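J.: Structure file query-v5.txt (compact mmCIF, C-alpha atoms and all ligand atoms) is given on the next line.
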```
# COMPACT_ATOMS: atom_id res chain seq x y z
CA MET A 1 127.32 70.33 114.59
CA ARG A 2 127.57 67.69 111.91
CA THR A 3 130.44 68.58 109.61
CA ASP A 4 129.96 66.15 106.76
CA VAL A 5 127.47 64.01 104.88
CA THR A 6 127.99 60.48 103.59
CA ASP A 7 128.10 59.52 99.93
CA ALA A 8 124.72 57.77 100.42
CA GLU A 9 123.25 61.02 101.79
CA ILE A 10 124.61 62.97 98.82
CA ASP A 11 123.07 60.40 96.44
CA HIS A 12 119.72 60.71 98.24
CA TYR A 13 119.82 64.50 98.06
CA ARG A 14 120.61 64.55 94.35
CA ARG A 15 118.10 61.84 93.44
CA ASP A 16 115.12 63.01 95.52
CA GLY A 17 115.90 66.73 95.79
CA TYR A 18 115.86 66.73 99.58
CA LEU A 19 117.63 65.13 102.54
CA VAL A 20 116.79 64.86 106.23
CA VAL A 21 119.80 65.05 108.55
CA GLU A 22 118.98 63.92 112.07
CA ASP A 23 120.74 65.70 114.93
CA LEU A 24 122.57 68.26 112.80
CA LEU A 25 123.04 70.16 116.06
CA THR A 26 123.64 68.95 119.60
CA PRO A 27 121.04 69.95 122.21
CA ALA A 28 123.42 72.66 123.51
CA GLU A 29 123.95 74.04 119.98
CA THR A 30 120.21 73.96 119.31
CA ALA A 31 119.61 75.96 122.49
CA GLU A 32 122.34 78.46 121.53
CA LEU A 33 120.97 78.99 118.02
CA LYS A 34 117.36 79.20 119.21
CA GLU A 35 118.23 81.85 121.80
CA ALA A 36 120.17 83.88 119.21
CA VAL A 37 117.35 83.62 116.66
CA LEU A 38 114.54 84.55 119.04
CA THR A 39 116.46 87.45 120.61
CA THR A 40 117.42 88.84 117.21
CA ALA A 41 113.91 88.41 115.80
CA ALA A 42 112.46 90.24 118.81
CA GLY A 43 114.47 93.31 117.77
CA TYR A 44 112.68 93.46 114.39
CA GLY A 45 109.35 94.67 115.82
CA ASN A 46 106.81 93.99 113.10
CA ARG A 47 109.38 94.32 110.30
CA ARG A 48 110.21 91.24 108.25
CA ILE A 49 113.63 92.56 107.26
CA ILE A 50 115.99 95.08 108.83
CA ASN A 51 119.02 97.03 107.57
CA SER A 52 117.23 97.31 104.24
CA ASP A 53 115.31 99.92 102.28
CA LEU A 54 112.64 97.31 101.54
CA GLU A 55 109.24 97.85 103.14
CA MET A 56 108.23 94.42 104.39
CA ASN A 57 106.00 94.37 107.45
CA ASP A 58 103.56 91.97 109.04
CA LYS A 59 99.97 92.49 107.96
CA GLU A 60 96.61 91.08 108.97
CA ASP A 61 96.49 88.66 106.07
CA HIS A 62 96.62 84.97 105.22
CA TYR A 63 100.39 85.03 104.60
CA SER A 64 101.16 86.52 108.02
CA SER A 65 99.24 83.62 109.58
CA VAL A 66 101.25 81.06 107.61
CA PHE A 67 104.38 82.07 109.47
CA ARG A 68 106.09 84.97 111.15
CA GLN A 69 108.99 85.61 108.79
CA ARG A 70 112.18 87.42 109.84
CA LEU A 71 114.94 87.75 107.25
CA ASN A 72 118.71 88.22 107.28
CA LEU A 73 119.35 87.59 110.94
CA TRP A 74 122.91 86.60 109.98
CA LYS A 75 123.64 90.25 109.20
CA VAL A 76 122.99 91.37 112.76
CA ASN A 77 123.81 88.37 114.94
CA PRO A 78 127.25 86.69 114.90
CA THR A 79 125.94 83.46 116.43
CA VAL A 80 123.34 83.06 113.68
CA LYS A 81 126.09 83.85 111.16
CA ARG A 82 128.36 81.07 112.50
CA TYR A 83 125.58 78.49 112.13
CA MET A 84 124.17 79.57 108.78
CA MET A 85 127.38 80.40 106.94
CA GLY A 86 130.28 79.05 108.97
CA THR A 87 132.78 76.39 107.94
CA GLU A 88 130.49 73.51 108.98
CA MET A 89 127.46 74.64 106.95
CA GLY A 90 129.77 75.58 104.10
CA ARG A 91 131.08 72.03 103.87
CA LEU A 92 127.60 70.49 104.08
CA VAL A 93 125.97 72.56 101.34
CA GLU A 94 128.99 72.31 99.06
CA ARG A 95 129.24 68.54 99.46
CA LEU A 96 125.51 68.10 98.75
CA THR A 97 125.42 70.31 95.67
CA GLY A 98 128.99 69.92 94.42
CA VAL A 99 129.42 73.68 94.03
CA ARG A 100 130.54 76.59 96.22
CA GLN A 101 127.64 78.50 97.69
CA ARG A 102 126.93 82.05 98.80
CA ILE A 103 124.24 83.05 101.24
CA TRP A 104 121.09 84.38 99.57
CA HIS A 105 119.00 85.04 102.65
CA ASP A 106 118.25 83.34 105.92
CA GLN A 107 114.91 83.49 107.63
CA MET A 108 113.28 82.50 110.86
CA LEU A 109 109.91 80.92 110.08
CA GLU A 110 107.67 80.69 113.09
CA LYS A 111 104.37 78.97 112.41
CA ARG A 112 102.45 80.09 115.45
CA ALA A 113 99.58 78.35 117.21
CA TRP A 114 96.78 77.67 114.72
CA GLY A 115 98.96 78.88 111.84
CA ASN A 116 97.79 78.26 108.28
CA PRO A 117 99.47 75.58 106.17
CA THR A 118 102.35 76.62 103.90
CA ALA A 119 101.12 76.06 100.33
CA TRP A 120 103.24 73.86 98.06
CA HIS A 121 105.82 76.00 96.26
CA LEU A 122 109.32 76.21 94.82
CA ASP A 123 111.96 78.54 96.30
CA ASN A 124 114.32 79.41 93.47
CA PRO A 125 111.73 81.12 91.22
CA TYR A 126 111.29 83.81 93.94
CA TRP A 127 114.99 84.65 93.90
CA SER A 128 117.11 86.97 91.76
CA PHE A 129 119.08 84.16 90.11
CA SER A 130 118.08 80.92 88.38
CA SER A 131 120.09 77.80 89.14
CA PHE A 132 119.66 74.05 89.26
CA ASP A 133 122.04 73.92 92.25
CA ALA A 134 120.45 76.31 94.75
CA ILE A 135 119.94 74.70 98.17
CA SER A 136 117.99 75.55 101.32
CA VAL A 137 118.33 74.29 104.86
CA TRP A 138 115.44 74.11 107.35
CA ILE A 139 116.56 73.60 110.96
CA ALA A 140 113.94 72.71 113.58
CA LEU A 141 114.46 74.88 116.68
CA GLU A 142 111.74 72.93 118.45
CA ASP A 143 110.24 69.59 117.50
CA ALA A 144 108.40 69.86 114.16
CA THR A 145 105.59 67.29 114.02
CA LEU A 146 102.68 66.28 111.83
CA ALA A 147 100.49 68.15 114.34
CA ASN A 148 102.30 71.49 114.35
CA GLY A 149 103.19 71.82 110.67
CA CYS A 150 106.37 69.97 109.74
CA MET A 151 107.75 70.22 106.22
CA TRP A 152 106.73 67.95 103.32
CA TYR A 153 108.77 67.31 100.18
CA LEU A 154 107.81 65.87 96.79
CA PRO A 155 110.68 63.53 95.85
CA GLY A 156 112.16 64.08 92.40
CA SER A 157 110.12 67.23 91.71
CA HIS A 158 113.31 69.27 91.22
CA ARG A 159 113.69 67.47 87.89
CA LEU A 160 110.19 68.49 86.72
CA ALA A 161 110.24 72.11 87.95
CA ARG A 162 111.06 75.16 85.82
CA HIS A 163 112.40 78.55 86.88
CA ASP A 164 109.63 80.45 85.12
CA ARG A 165 106.69 78.56 86.66
CA ASN A 166 105.72 78.93 90.34
CA VAL A 167 102.76 79.94 92.46
CA GLY A 168 102.77 82.21 95.51
CA ILE A 169 102.37 80.90 99.05
CA GLY A 170 98.67 81.76 98.99
CA GLN A 171 95.45 80.17 100.18
CA ASP A 172 95.39 77.41 97.58
CA LEU A 173 97.42 74.64 99.25
CA GLY A 174 97.83 72.67 96.03
CA GLY A 175 97.90 75.52 93.50
CA LEU A 176 101.40 74.46 92.44
CA PHE A 177 99.99 71.27 90.98
CA LYS A 178 97.73 73.26 88.65
CA ALA A 179 100.90 74.80 87.22
CA TYR A 180 102.60 71.37 87.21
CA PRO A 181 100.01 68.66 86.46
CA GLU A 182 102.95 66.38 85.62
CA MET A 183 103.93 66.43 89.31
CA LEU A 184 100.54 65.21 90.50
CA ASN A 185 101.19 61.50 90.33
CA SER A 186 104.96 61.60 90.01
CA ALA A 187 105.70 60.49 93.60
CA GLN A 188 104.21 60.29 97.08
CA PRO A 189 104.85 63.42 99.17
CA VAL A 190 107.10 62.70 102.15
CA ALA A 191 106.54 64.28 105.57
CA ALA A 192 109.63 65.32 107.50
CA PRO A 193 108.91 65.43 111.21
CA LEU A 194 112.11 66.65 112.87
CA ARG A 195 113.37 66.64 116.43
CA ALA A 196 114.74 70.00 117.54
CA GLY A 197 118.28 70.30 116.13
CA SER A 198 117.56 68.10 113.10
CA CYS A 199 117.22 69.59 109.64
CA GLY A 200 116.10 69.09 106.09
CA PHE A 201 117.98 70.27 103.01
CA HIS A 202 116.13 70.81 99.73
CA ASN A 203 117.01 71.86 96.21
CA GLY A 204 115.71 75.30 95.18
CA LEU A 205 113.45 73.61 92.62
CA THR A 206 112.03 70.87 94.89
CA ALA A 207 108.29 71.21 95.58
CA HIS A 208 107.66 71.54 99.31
CA GLY A 209 105.12 72.84 101.80
CA ALA A 210 104.09 72.47 105.42
CA GLY A 211 100.93 71.52 107.25
CA ALA A 212 98.78 73.69 109.47
CA ASN A 213 99.74 74.15 113.10
CA MET A 214 96.89 72.41 114.94
CA THR A 215 98.51 72.95 118.35
CA ALA A 216 98.64 75.79 120.85
CA GLY A 217 102.45 76.01 120.63
CA ASN A 218 104.89 77.51 118.12
CA ARG A 219 106.72 75.62 115.40
CA THR A 220 109.89 77.64 114.97
CA ALA A 221 112.48 76.94 112.31
CA MET A 222 115.68 78.68 111.20
CA THR A 223 116.14 78.41 107.47
CA CYS A 224 118.55 79.64 104.84
CA GLY A 225 118.66 79.73 101.06
CA TYR A 226 122.03 79.54 99.30
CA MET A 227 123.05 80.75 95.84
CA PRO A 228 125.73 78.96 93.82
CA ALA A 229 128.82 81.15 93.37
CA GLY A 230 128.93 82.62 89.88
CA SER A 231 125.14 83.06 89.66
CA THR A 232 123.88 85.98 87.60
CA TYR A 233 120.97 88.38 87.93
CA ASN A 234 117.71 87.23 86.31
CA GLY A 235 115.68 90.46 86.63
CA ILE A 236 113.68 89.46 89.74
CA ARG A 237 114.06 91.94 92.61
CA ASN A 238 113.20 89.66 95.57
CA ILE A 239 115.07 91.20 98.52
CA LEU A 240 117.63 93.26 96.58
CA SER A 241 118.14 96.74 98.02
CA LYS A 242 116.87 99.66 95.92
CA GLU A 243 120.44 100.70 95.16
CA ARG A 244 121.47 97.23 93.99
CA PHE A 245 118.24 96.67 92.08
CA GLU A 246 118.69 99.91 90.15
CA ARG A 247 122.34 99.20 89.38
CA LEU A 248 122.04 95.56 88.24
CA LYS A 249 121.41 94.52 84.66
CA VAL A 250 120.21 91.04 83.71
CA GLY A 251 123.26 88.82 83.36
CA ASP A 252 125.40 90.74 85.89
CA SER A 253 127.24 88.68 88.50
CA LEU A 254 125.61 88.50 91.94
CA ASP A 255 128.90 87.60 93.65
CA ASP A 256 128.84 90.34 96.28
CA ASP A 257 130.93 89.70 99.38
CA THR A 258 128.90 92.10 101.54
CA ASP A 259 125.34 90.98 100.84
CA ASN A 260 126.10 87.45 99.65
CA PRO A 261 129.36 86.20 101.19
CA LEU A 262 130.68 82.74 100.45
CA VAL A 263 129.34 80.16 102.86
CA GLY A 264 132.21 78.88 104.99
CA THR A 265 133.55 82.36 105.71
CA GLY A 266 131.32 83.10 108.69
CA GLY A 267 133.44 81.60 111.46
CA SER A 268 133.00 78.18 113.00
CA VAL A 269 130.42 76.66 115.35
CA GLY A 270 133.20 74.44 116.70
CA GLY A 271 135.25 77.51 117.53
CA THR A 272 138.35 76.69 115.48
CA SER A 273 139.15 78.62 112.34
CA ALA A 274 140.26 75.58 110.35
CA PRO A 275 140.66 71.85 110.97
CA GLY A 276 143.99 71.14 112.64
CA THR A 277 144.74 74.70 113.73
O1 LIG A 301 108.47 76.59 107.32
C1 LIG A 301 107.61 76.56 106.44
O2 LIG A 301 106.42 76.48 106.70
C2 LIG A 301 108.01 76.67 105.00
C3 LIG A 301 109.48 76.69 104.80
C4 LIG A 301 109.91 76.87 103.40
O3 LIG A 301 109.15 76.98 102.49
C5 LIG A 301 111.36 76.88 103.13
O4 LIG A 301 112.17 76.77 104.06
O5 LIG A 301 111.73 77.01 101.96
FE FE A 302 110.14 77.33 100.64
```
Now, as a test, write the supplied structure out as structure tokens.

T.:
Amino acid sequence: MRTDVTDAEIDHYRRDGYLVVEDLLTPAETAELKEAVLTTAAGYGNRRIINSDLEMNDKEDHYSSVFRQRLNLWKVNPTVKRYMMGTEMGRLVERLTGVRQRIWHDQMLEKRAWGNPTAWHLDNPYWSFSSFDAISVWIALEDATLANGCMWYLPGSHRLARHDRNVGIGQDLGGLFKAYPEMLNSAQPVAAPLRAGSCGFHNGLTAHGAGANMTAGNRTAMTCGYMPAGSTYNGIRNILSKERFERLKVGDSLDDDTDNPLVGTGGSVGGTSAPGT
């Protein structure tokens, strides 16, 4: 697994709000992560989240045909945990954003054969904190192409976006641009086809979406959203448990080492606990 990014990559990420990293994982690592993700997801049945009092199940609706979504695999599978919040990922997300990060939630996103496009949206406004430094990673577990629904990013949109303005991932592919007319002609959207094992990082306020899956195969990705350490509760429940939701008051710290551990504390893909040991 790549363990660092260059200064030029950091500049690109901060300027454009996203960064493609080719070959984040070796083919053997990609195979290991894919196996762990698919096996874990199979244990969810039709639930989108497990070990939670939230009721989130697949339905026969548009959203369920955008992707099959399975959250918080890191909580039940140690291999997924090493990749999504181990020392390697910890260094990458901290170098890109300049701040320490905690895990918010991971998710497998499987856009199945003939899956609907993923409407343009922002991530951070869904979450229970508001930050300009939230970051997500999107790792291709099989080749993501223009044909099967790779990701698209709108460069620089993280500087135009606001925490209190977003649209749901609904049927209106470009609904976001009704909320943000100033984004319409701000830049050309960039497609990010990725070989399996490559990834894209994006800021929690960067506009992004994905095309339809026009093929008979799956487009499976493992993704994770990270929350800057020190973030506070903004009143949005998102995936907070009932107990936590009822206890939290706006402004309370979300630094919780059980639900949201620091990234970098989840072991190491390389198998050593620290460089040089
Ligand atoms: O995989 C997709 O279609 C969308 C992914 C996404 O929105 C994300 O990772 O934030
Ligand atoms: Fe997203």

J.: Neighbours of ligand LIG 301 (chain A) at 7 Å or closer, counting all atoms listed in the file: which residues, as a PDB file with C-alpha atoms, keeping the file's coordinate frame?

T.:
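Output saved as selection_39.pdb:
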```pdb
ATOM      1  CA  VAL A  66     101.250  81.060 107.610  1.00  0.00           C
ATOM      2  CA  PHE A  67     104.380  82.070 109.470  1.00  0.00           C
ATOM      3  CA  LEU A 109     109.910  80.920 110.080  1.00  0.00           C
ATOM      4  CA  LYS A 111     104.370  78.970 112.410  1.00  0.00           C
ATOM      5  CA  THR A 118     102.350  76.620 103.900  1.00  0.00           C
ATOM      6  CA  ASP A 123     111.960  78.540  96.300  1.00  0.00           C
ATOM      7  CA  SER A 136     117.990  75.550 101.320  1.00  0.00           C
ATOM      8  CA  VAL A 137     118.330  74.290 104.860  1.00  0.00           C
ATOM      9  CA  TRP A 138     115.440  74.110 107.350  1.00  0.00           C
ATOM     10  CA  GLY A 149     103.190  71.820 110.670  1.00  0.00           C
ATOM     11  CA  MET A 151     107.750  70.220 106.220  1.00  0.00           C
ATOM     12  CA  HIS A 208     107.660  71.540  99.310  1.00  0.00           C
ATOM     13  CA  GLY A 209     105.120  72.840 101.800  1.00  0.00           C
ATOM     14  CA  ALA A 210     104.090  72.470 105.420  1.00  0.00           C
ATOM     15  CA  ALA A 221     112.480  76.940 112.310  1.00  0.00           C
ATOM     16  CA  THR A 223     116.140  78.410 107.470  1.00  0.00           C
TER      17      THR A 223
END
```

J.: Using all atoms listed in the file - which residues lie no farther than 8 Å from the point (131.0, 84.0, 104.5) in the file's frame? Write them as a PDB file with C-alpha atoms, in the coordinates of the input.

T.:
```pdb
ATOM      1  CA  MET A  85     127.380  80.400 106.940  1.00  0.00           C
ATOM      2  CA  GLY A  86     130.280  79.050 108.970  1.00  0.00           C
ATOM      3  CA  ARG A 102     126.930  82.050  98.800  1.00  0.00           C
ATOM      4  CA  ILE A 103     124.240  83.050 101.240  1.00  0.00           C
ATOM      5  CA  ASP A 257     130.930  89.700  99.380  1.00  0.00           C
ATOM      6  CA  ASN A 260     126.100  87.450  99.650  1.00  0.00           C
ATOM      7  CA  PRO A 261     129.360  86.200 101.190  1.00  0.00           C
ATOM      8  CA  LEU A 262     130.680  82.740 100.450  1.00  0.00           C
ATOM      9  CA  VAL A 263     129.340  80.160 102.860  1.00  0.00           C
ATOM     10  CA  GLY A 264     132.210  78.880 104.990  1.00  0.00           C
ATOM     11  CA  THR A 265     133.550  82.360 105.710  1.00  0.00           C
ATOM     12  CA  GLY A 266     131.320  83.100 108.690  1.00  0.00           C
ATOM     13  CA  GLY A 267     133.440  81.600 111.460  1.00  0.00           C
TER      14      GLY A 267
END
```

J.: Quick one: pull the distance between CA of Asp53 (chain A) and CA of Ile239 (chain A), Å, one decimal.

T.: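 Straight-line distance from CA of Asp53 (chain A) to CA of Ile239 (chain A) works out to 9.5 Å.
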
J.: Could you list, as a PyMOL selection string, every residue within 12 Å of region 71-73 of chain A, counting only C-alpha atoms and ignoring same-chain residues fewer than 5 positions away?

T.: chain A and resi 33-34+36-44+46-52+54+56-57+78-85+103-110+222-225+238-240+259-260

J.: Pick out the residues sitting within 10 Å of Tyr18 (chain A), and hand them over as a ChimeraX atom specification; count all atoms listed in the file, and ignore anything fewer than 4 positions along from it in its own chain.

T.: /A:9-10,12-14,96,135-137,152-158,190,200-204,206-208

J.: Put those residues in a file: C-alpha atoms, as a PDB file, keeping the file's coordinate frame.

T.:
```pdb
ATOM      1  CA  GLU A   9     123.250  61.020 101.790  1.00  0.00           C
ATOM      2  CA  ILE A  10     124.610  62.970  98.820  1.00  0.00           C
ATOM      3  CA  HIS A  12     119.720  60.710  98.240  1.00  0.00           C
ATOM      4  CA  TYR A  13     119.820  64.500  98.060  1.00  0.00           C
ATOM      5  CA  ARG A  14     120.610  64.550  94.350  1.00  0.00           C
ATOM      6  CA  LEU A  96     125.510  68.100  98.750  1.00  0.00           C
ATOM      7  CA  ILE A 135     119.940  74.700  98.170  1.00  0.00           C
ATOM      8  CA  SER A 136     117.990  75.550 101.320  1.00  0.00           C
ATOM      9  CA  VAL A 137     118.330  74.290 104.860  1.00  0.00           C
ATOM     10  CA  TRP A 152     106.730  67.950 103.320  1.00  0.00           C
ATOM     11  CA  TYR A 153     108.770  67.310 100.180  1.00  0.00           C
ATOM     12  CA  LEU A 154     107.810  65.870  96.790  1.00  0.00           C
ATOM     13  CA  PRO A 155     110.680  63.530  95.850  1.00  0.00           C
ATOM     14  CA  GLY A 156     112.160  64.080  92.400  1.00  0.00           C
ATOM     15  CA  SER A 157     110.120  67.230  91.710  1.00  0.00           C
ATOM     16  CA  HIS A 158     113.310  69.270  91.220  1.00  0.00           C
ATOM     17  CA  VAL A 190     107.100  62.700 102.150  1.00  0.00           C
ATOM     18  CA  GLY A 200     116.100  69.090 106.090  1.00  0.00           C
ATOM     19  CA  PHE A 201     117.980  70.270 103.010  1.00  0.00           C
ATOM     20  CA  HIS A 202     116.130  70.810  99.730  1.00  0.00           C
ATOM     21  CA  ASN A 203     117.010  71.860  96.210  1.00  0.00           C
ATOM     22  CA  GLY A 204     115.710  75.300  95.180  1.00  0.00           C
ATOM     23  CA  THR A 206     112.030  70.870  94.890  1.00  0.00           C
ATOM     24  CA  ALA A 207     108.290  71.210  95.580  1.00  0.00           C
ATOM     25  CA  HIS A 208     107.660  71.540  99.310  1.00  0.00           C
TER      26      HIS A 208
END
```
